[in-house]
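Asker: Quick one: the structure is below, and I'll ask about it shortly.
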Amino acid sequence: MSKYFRVTFIIFLMLIFTSFTTITDLEIKSLIDDKIELKVPTSFELNSETLEQNSNYEVYLEYKDDTGLNNLTISVWNKKTQRSIDSYRSDYVKAYKDTFKDIEDGLSIINGNEVGYIKGSIENVHFLKFFTYLDEKILEVTYACKSKELFQSGYEIMHSLKLKSNLSKSGLKFKNPSDISEDCVNTLFNETKSLEKRVKDHLLDYSFDVSYSVQNGKTNGWYRQTFYVTDLTFEYASRDVRIVYDKKNNIPGFYYEYEVLEKRFRSIMQVNNFSILAFLIKANVRKECFPACRVTTSDLDKFKNITVRETGTDRIILDRNSMTVISLSCL
């Protein structure tokens with residue numbers, strides 16, 4: 001076991017054995033010099049003692065409730081890495097499998113970033129640890145609680161993670177910048193800005209709510225999004241699709257409807273940012289950025305129990321719905 005994993009493992013055990021109360025309400029906080037956004041339980045306060053320099057971490061923050069018995073920690077390792085998130089996931093599984101019960105692990109695409117996670121329990125305390133890249137270093141978040149009901153909020157915390165520092169001066173952060181031409185960067189940046197403004201200027205009064213569960217190992221986390229419909233359409237996969245926009249999360253998408261055996265279906269495509277939508281719509285972006293950038297669809301998150309309702313009502317729209325997340329390989 002590496003030095004980093006020995007240290008995080010010891011700290012992890014200390015946190016696990018001090019987690020005993022129930023937390024429900026969450027609030028979005030901007031953390032680490034405004035580099036990330038993350039939902040944190042409203043009853044938690046920052047433990048200032050953890051701000052002291054730690055030789056293994058560039059950043060180490062701990063949030064606790066007033067009893068000091070519930071913990072959420074956010075840390076950034078102090079060394080850059082070239083390893084994959086999946087390799088770290090594998091290391092965590094090896095480190096924890098002999099100590100914790102009911103270990104589940106996996107990878108997910110969250111707000112455009114690949115995130116690894118592992119969850120389990122020890123002495124009736126449940127934990128969720130998730131991790132991704134931040135400025136080429138590992139960002140690691142650990143949440144622990146005793147109540148199984150409370151544990152559901154862990155997935156909401158994980159899916160709230162947004163990395164602001166993954167935007168360069170051009171507004172873009174590429175996985176392999178050396179593979180991307182300057183023409184691609186400039187074209188994608190300009191078209192992204194233009195498209196985002198156009199979508200926000202063309203919102204209609206109509207919106208619909210999408211509720212769904214996301215499979216994380218054997219556990220489902222439940223989510224709801226409200227999409228506002230625009231009057232903008234484009235052709236995708238030989239279909240005319242309509243652009244929609246999630247105002248709360250600043251996430252665009254699109255959908256199309258079709259009929260099978262006299263039943264109506266809706267297929268919803270969510271994209272993680274406007275740059276991906278620009279790549280799909282604008283031929284000049286694809287010309288400059290392909291093949292360095294390619295469209296990928298997420299099969300890491302398994303969307304289930306998808307229900308679409310008119311906002312503010314219980315009226316279910318159509319007979320069946322599907323949902324997919326689209327990403328770009330270069331972002």
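Chains: A, B, ... in order of the structure tokens. Residues: from 1 per chain. Ligands: from 1, in order shown.
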Give me the residues near Asp102 in chain A as a list of chain:residue names, where near means some atom within 8 Å (using only C-alpha atoms) and where sequence neighbours in that chain fewer than 3 positions away do not count.

Answerer: A:Lys119, A:Gly120, A:Ser121

Asker: DSSP says strand (DSSP E or B) for which residues of range 34-259 of chain A? Put them as JSON, numbers by chain?

Answerer: {"A": [36, 37, 38, 39, 40, 41, 45, 46, 54, 57, 58, 59, 60, 61, 62, 63, 64, 71, 72, 73, 74, 75, 76, 77, 101, 102, 103, 104, 105, 106, 107, 108, 109, 110, 113, 114, 115, 116, 117, 118, 119, 120, 121, 122, 125, 126, 127, 128, 129, 130, 131, 132, 133, 134, 137, 138, 139, 140, 141, 142, 143, 144, 145, 162, 163, 203, 204, 205, 206, 207, 208, 209, 210, 211, 212, 213, 214, 215, 216, 219, 220, 221, 222, 223, 224, 225, 226, 227, 228, 229, 230, 231, 232, 233, 234, 235, 236, 239, 240, 241, 242, 243, 244, 245, 246, 251, 252, 253, 254, 255, 256, 257, 258, 259]}

Asker: Mind checking which residues fall within 6 Å of Thr42 in chain A, counting only C-alpha atoms, ignoring those fewer than 6 positions away in the same chain, and posting them as a compact mmCIF listing (two decimals) with all heavy atoms, in the first residue's frame?

Answerer:
# COMPACT_ATOMS: atom_id res chain seq x y z
N ASP A 25 -30.45 18.59 5.23
CA ASP A 25 -30.39 19.74 4.34
C ASP A 25 -28.97 19.98 3.84
O ASP A 25 -28.00 19.85 4.59
CB ASP A 25 -30.88 21.00 5.08
CG ASP A 25 -32.35 20.91 5.45
OD1 ASP A 25 -33.07 20.18 4.72
OD2 ASP A 25 -32.76 21.52 6.44
N LEU A 26 -28.88 20.33 2.55
CA LEU A 26 -27.58 20.58 1.93
C LEU A 26 -27.56 21.98 1.33
O LEU A 26 -28.60 22.50 0.91
CB LEU A 26 -27.32 19.55 0.82
CG LEU A 26 -27.36 18.07 1.23
CD1 LEU A 26 -27.23 17.19 -0.01
CD2 LEU A 26 -26.25 17.74 2.22
N GLU A 27 -26.39 22.59 1.27
CA GLU A 27 -26.22 23.88 0.61
C GLU A 27 -24.96 23.85 -0.25
O GLU A 27 -23.99 23.17 0.07
CB GLU A 27 -26.13 25.01 1.64
CG GLU A 27 -24.94 24.89 2.59
CD GLU A 27 -24.88 26.04 3.57
OE1 GLU A 27 -25.43 27.11 3.26
OE2 GLU A 27 -24.27 25.87 4.65

Asker: When you look at Met158 in chain A with a cut-off of 8 Å (counting only C-alpha atoms), what residues show up, excluding the ones that are within fewer than 4 positions of it in the same chain? I need them as a list in words.

Answerer: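 Near Met158 in chain A, the qualifying residues are Leu38, Phe130 and Gly154 of chain A.
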